[in-house]
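The file work_21.cif contains mmCIF, C-alpha atoms:
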data_start
#
loop_
_atom_site.label_atom_id
_atom_site.label_comp_id
_atom_site.auth_asym_id
_atom_site.auth_seq_id
_atom_site.Cartn_x
_atom_site.Cartn_y
_atom_site.Cartn_z
CA MET A 1 -13.09 -4.57 -3.33
CA ASN A 2 -11.17 -7.70 -2.44
CA LYS A 3 -8.43 -9.59 -4.25
CA SER A 4 -10.70 -11.81 -6.34
CA GLN A 5 -12.76 -8.80 -7.42
CA LEU A 6 -9.54 -7.02 -8.39
CA ILE A 7 -8.54 -10.06 -10.45
CA GLU A 8 -11.95 -10.07 -12.18
CA ALA A 9 -11.78 -6.33 -12.86
CA LEU A 10 -8.31 -6.69 -14.38
CA ALA A 11 -9.34 -9.68 -16.50
CA LYS A 12 -12.31 -7.73 -17.83
CA ASP A 13 -10.41 -4.49 -18.45
CA GLN A 14 -7.48 -6.14 -20.22
CA GLY A 15 -9.20 -9.12 -21.83
CA LEU A 16 -7.14 -11.62 -19.84
CA THR A 17 -8.17 -15.02 -18.55
CA ILE A 18 -8.89 -15.12 -14.82
CA LYS A 19 -5.87 -17.37 -14.44
CA LYS A 20 -3.54 -14.90 -16.14
CA ALA A 21 -5.00 -11.95 -14.24
CA GLU A 22 -4.51 -13.83 -10.99
CA MET A 23 -0.91 -14.51 -11.92
CA VAL A 24 -0.35 -10.80 -12.55
CA ILE A 25 -1.91 -9.69 -9.24
CA ASN A 26 0.00 -12.32 -7.28
CA THR A 27 3.25 -11.31 -8.97
CA ILE A 28 2.71 -7.63 -8.18
CA PHE A 29 1.88 -8.05 -4.49
CA GLY A 30 4.41 -10.87 -4.18
CA SER A 31 7.23 -8.65 -5.43
CA VAL A 32 6.18 -5.84 -3.08
CA GLU A 33 6.19 -8.29 -0.17
CA GLU A 34 9.56 -9.72 -1.16
CA SER A 35 11.09 -6.24 -1.28
CA LEU A 36 9.69 -5.31 2.12
CA ILE A 37 11.02 -8.54 3.62
CA LYS A 38 14.47 -7.61 2.30
CA GLY A 39 14.03 -4.16 3.81
CA ASP A 40 13.96 -2.49 0.38
CA ARG A 41 11.79 0.49 -0.44
CA VAL A 42 8.94 0.22 -2.93
CA GLU A 43 8.10 3.27 -4.98
CA ILE A 44 5.19 3.34 -7.41
CA ARG A 45 4.79 6.76 -8.99
CA GLY A 46 1.26 8.12 -8.67
CA PHE A 47 0.23 5.40 -6.25
CA GLY A 48 2.52 5.52 -3.27
CA SER A 49 5.60 4.13 -1.58
CA PHE A 50 6.23 1.55 1.10
CA LYS A 51 9.10 1.33 3.48
CA VAL A 52 9.73 -0.76 6.53
CA LYS A 53 10.17 1.18 9.75
CA ASP A 54 12.01 -0.21 12.72
CA TYR A 55 10.37 0.28 16.07
CA ASP A 56 12.36 -0.12 19.29
CA GLY A 57 11.04 -2.33 22.03
CA TYR A 58 9.39 -0.67 25.01
CA GLN A 59 7.71 -1.48 28.30
CA GLY A 60 4.00 -1.46 27.82
CA ARG A 61 1.09 -2.05 30.10
CA ASN A 62 -2.01 -4.08 29.66
CA PRO A 63 -4.65 -1.37 30.06
CA LYS A 64 -7.16 -3.82 31.50
CA THR A 65 -5.04 -5.51 34.15
CA GLY A 66 -2.28 -2.93 34.66
CA GLU A 67 0.23 -5.70 34.10
CA ILE A 68 3.61 -4.59 32.76
CA ILE A 69 4.60 -6.29 29.54
CA GLU A 70 7.74 -6.15 27.48
CA VAL A 71 7.04 -5.19 23.86
CA GLY A 72 9.89 -6.36 21.64
CA ARG A 73 11.46 -4.59 18.68
CA LYS A 74 9.35 -4.81 15.60
CA LYS A 75 9.28 -3.84 11.97
CA LEU A 76 6.19 -2.45 10.33
CA PRO A 77 5.63 -1.43 6.75
CA PHE A 78 4.60 2.18 6.31
CA PHE A 79 2.65 3.34 3.26
CA LYS A 80 2.95 6.90 2.04
CA VAL A 81 0.23 7.86 -0.42
CA GLY A 82 1.45 9.22 -3.76
CA LYS A 83 0.50 12.66 -4.99
CA GLU A 84 -1.91 11.58 -7.73
CA LEU A 85 -3.81 9.11 -5.53
CA LYS A 86 -3.92 11.59 -2.66
CA GLU A 87 -5.47 14.25 -4.86
CA ARG A 88 -7.91 11.92 -6.55
CA VAL A 89 -9.25 10.51 -3.27
CA ASP A 90 -9.70 13.98 -1.79
CA ASN A 91 -11.36 15.49 -4.86
CA MET B 1 17.54 -1.21 -4.63
CA ALA B 2 14.06 0.20 -4.51
CA LEU B 3 11.27 -1.68 -6.26
CA THR B 4 9.79 0.51 -8.99
CA LYS B 5 6.96 0.04 -11.45
CA GLU B 6 9.55 -0.80 -14.12
CA ARG B 7 10.91 -3.67 -12.02
CA ILE B 8 7.39 -4.90 -11.29
CA ILE B 9 6.72 -4.92 -15.06
CA ASN B 10 9.86 -7.03 -15.53
CA GLN B 11 8.69 -9.53 -12.93
CA VAL B 12 5.27 -9.78 -14.60
CA TYR B 13 7.07 -10.29 -17.91
CA GLU B 14 9.18 -13.15 -16.54
CA LYS B 15 6.18 -14.79 -14.93
CA THR B 16 3.58 -14.48 -17.68
CA GLN B 17 5.77 -14.44 -20.82
CA MET B 18 3.47 -11.83 -22.34
CA PRO B 19 5.15 -9.17 -24.51
CA LYS B 20 6.81 -6.43 -22.48
CA SER B 21 4.51 -3.71 -23.83
CA ARG B 22 1.50 -5.83 -22.89
CA CYS B 23 2.88 -6.33 -19.37
CA ARG B 24 3.27 -2.57 -19.05
CA GLU B 25 -0.38 -1.99 -20.06
CA VAL B 26 -1.60 -4.65 -17.66
CA VAL B 27 0.41 -3.32 -14.70
CA GLU B 28 -0.77 0.23 -15.43
CA SER B 29 -4.32 -1.10 -15.53
CA VAL B 30 -3.94 -2.75 -12.10
CA PHE B 31 -2.88 0.51 -10.48
CA GLU B 32 -5.58 2.44 -12.33
CA ILE B 33 -8.27 0.03 -11.07
CA ILE B 34 -6.91 0.36 -7.52
CA LYS B 35 -6.80 4.16 -7.73
CA SER B 36 -10.32 4.51 -9.12
CA THR B 37 -11.66 2.11 -6.49
CA LEU B 38 -10.18 4.22 -3.69
CA GLU B 39 -11.25 7.40 -5.48
CA SER B 40 -14.85 6.17 -5.36
CA GLY B 41 -14.46 5.79 -1.58
CA GLU B 42 -14.31 2.00 -1.64
CA ASP B 43 -11.63 0.14 0.38
CA LEU B 44 -9.35 -2.47 -1.14
CA LEU B 45 -8.59 -5.65 0.77
CA ILE B 46 -5.74 -7.87 -0.42
CA SER B 47 -5.84 -10.89 1.87
CA GLY B 48 -2.42 -11.82 3.22
CA PHE B 49 -1.07 -8.39 2.28
CA GLY B 50 -3.17 -5.63 3.78
CA LYS B 51 -6.03 -3.23 3.40
CA PHE B 52 -6.08 0.19 1.75
CA MET B 53 -8.80 2.24 3.39
CA VAL B 54 -10.33 5.63 2.67
CA LYS B 55 -10.71 7.57 5.90
CA HIS B 56 -12.82 10.68 6.33
CA LYS B 57 -10.94 13.21 8.44
CA ARG B 58 -12.93 15.87 10.22
CA GLN B 59 -12.03 19.53 10.01
CA ARG B 60 -9.64 20.49 12.82
CA ARG B 61 -7.41 23.23 14.06
CA GLY B 62 -3.78 22.54 13.38
CA ARG B 63 -0.47 24.25 13.67
CA ASN B 64 2.45 24.67 11.33
CA PRO B 65 5.23 23.17 13.45
CA GLN B 66 7.85 25.27 11.69
CA THR B 67 6.24 28.69 12.07
CA ASN B 68 3.93 27.89 15.02
CA GLU B 69 1.18 29.45 12.99
CA ASP B 70 -2.39 28.31 13.74
CA LEU B 71 -4.26 27.02 10.78
CA GLN B 72 -7.56 25.44 9.94
CA LEU B 73 -7.38 22.00 8.36
CA ARG B 74 -10.46 21.31 6.29
CA ALA B 75 -12.39 18.05 6.30
CA ARG B 76 -10.64 15.71 3.90
CA LYS B 77 -10.36 12.15 2.69
CA VAL B 78 -7.10 10.25 3.02
CA VAL B 79 -5.87 6.76 2.19
CA VAL B 80 -4.39 4.68 4.98
CA PHE B 81 -2.82 1.25 4.78
CA LYS B 82 -3.25 -1.44 7.40
CA THR B 83 -0.76 -4.30 7.15
CA SER B 84 -2.16 -7.82 7.30
CA GLY B 85 -1.02 -10.00 10.19
CA VAL B 86 0.49 -12.46 7.71
CA LEU B 87 2.65 -9.83 5.98
CA ARG B 88 3.65 -8.34 9.31
CA ALA B 89 4.76 -11.76 10.58
CA ASN B 90 6.67 -12.46 7.37
CA ILE B 91 8.51 -9.15 7.58
CA ASN B 92 9.47 -9.73 11.20
CA ASN B 93 10.47 -13.37 10.85
CA ASN B 94 12.19 -13.58 7.50
CA ALA B 95 14.15 -10.36 7.57
CA GLY B 96 17.84 -10.62 8.28
#

Re-express the file's structure as structure tokens.
Amino acid sequence: MNKSQLIEALAKDQGLTIKKAEMVINTIFGSVEESLIKGDRVEIRGFGSFKVKDYDGYQGRNPKTGEIIEVGRKKLPFFKVGKELKERVDN
Amino acid sequence: MALTKERIINQVYEKTQMPKSRCREVVESVFEIIKSTLESGEDLLISGFGKFMVKHKRQRRGRNPQTNEDLQLRARKVVVFKTSGVLRANINNNAG
């Protein structure tokens, strides 16, 4: 399922116009993104939680050429699956 | 402050001007659609955000790191999230 199919499914389930459903989906993922950019946690009961993890820089190597490269510090969001979703997927 | 479902409902309320109770129903519906999609084994791709994928893990021998006890982990299905390049760039560039 992609974003437009999610919008259609929501519109159908809730009797919303596509435009309104799109607004809802964009607001939801937009607010998650905004929180992660600020470094805030996101916690949605039954679904899961997101938090941004800080990774230190390190010296890496290009496995093809053997060339040493400097990998800078980076932040990556980490998703932890919630209990309900975890159990439902692994039924 | 952590973003919770309640705060997401408030944002949807501000944006759509639908009654609060309606916003709650709609937000619950979004997460229910997402959960049943993943439950059916189907992935969910939100372009610009990321992809929620159902992975099939094979049975393997594991170990309880606390007790050092050997144990058998059964084959199972798990959800993993892969961040989109766009979101990843936004998090690394905009964050203070």

Write out, as CSV, each residue of chain B that has an atom at most 6 Å from chain A, together with the closest pair of atoms and their distance in Å to one decimal, counting all atoms listed in the file, rows going by chain and rising number.
residue,atom,partner,partner_atom,distance
B:Ala2,CA,A:Arg41,CA,4.7
B:Leu3,CA,A:Val42,CA,4.5
B:Thr4,CA,A:Glu43,CA,5.2
B:Lys5,CA,A:Ile44,CA,5.5
B:Glu39,CA,A:Val89,CA,4.3
B:Leu44,CA,A:Met1,CA,4.8
B:Leu45,CA,A:Asn2,CA,4.6
B:Ile46,CA,A:Lys3,CA,5.0
B:Lys77,CA,A:Asp90,CA,4.9
B:Ile91,CA,A:Ile37,CA,4.7
B:Asn92,CA,A:Lys75,CA,5.9
B:Ala95,CA,A:Ile37,CA,5.4

>> As a check of understanding, name the residues that the PyMOL selection byres ((chain B and resi 60) around 6) selects in the supplied structure, as a PyMOL selection string.
In response: chain B and resi 59+61+73

>> For a test of reading the model, state the distance in Å between atom CA of Glu14 of chain B and atom CA of Phe31 of chain B, rounded to one decimal.
In response: 19.2 Å

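Atom pair atom CA of Arg24 of chain B / atom CA of Ile8 of chain B: separated by 9.1 Å.
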
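Listed by chain and then by number, the residues chosen by the PyMOL selection byres ((chain B and resi 78-81) around 6) in this file are Lys51, Phe52, Met53, Val54, Lys55, Lys77 and Lys82 of chain B.
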
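Atom CA of Ala75 of chain B is positioned 28.4 Å from atom CA of Lys53 of chain A.
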
>> Could you list, as a list in words, every residue within 8 Å of Gly48 of chain B, counting only C-alpha atoms and ignoring same-chain residues fewer than 6 positions away?
In response: Ser84, Gly85, Val86 and Leu87 of chain B

Padded axis-aligned box of segment 38-43 of chain A (6 Å per side), centre and edge lengths, Å, one decimal, as AutoDock Vina command-line options:
--center_x 11.3 --center_y -2.2 --center_z -0.6 --size_x 18.4 --size_y 22.9 --size_z 20.8

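Among B:Gln11, B:Gln66, B:Thr16, B:Ser40, the residue with the shortest atom-to-atom distance to Thr17 of chain A, counting only C-alpha atoms, is B:Thr16.
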
> Once the PyMOL selection byres ((chain A and resi 69) around 6) has been applied to the shown file, what residues remain in the selection, as a ChimeraX atom specification?
Replying inline: /A:59-61,68,70

> With only C-alpha atoms as the basis for distance, which of B:Arg74, B:Asp43, B:Asn10, B:Asn93 is at the shortest distance from Arg58 of chain B?
Replying inline: B:Arg74

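The residue that comes closest to Ser47 of chain B, out of B:Val12, B:Glu6, B:Thr83, B:Ile33 and on the basis of all atoms listed in the file, is B:Thr83.
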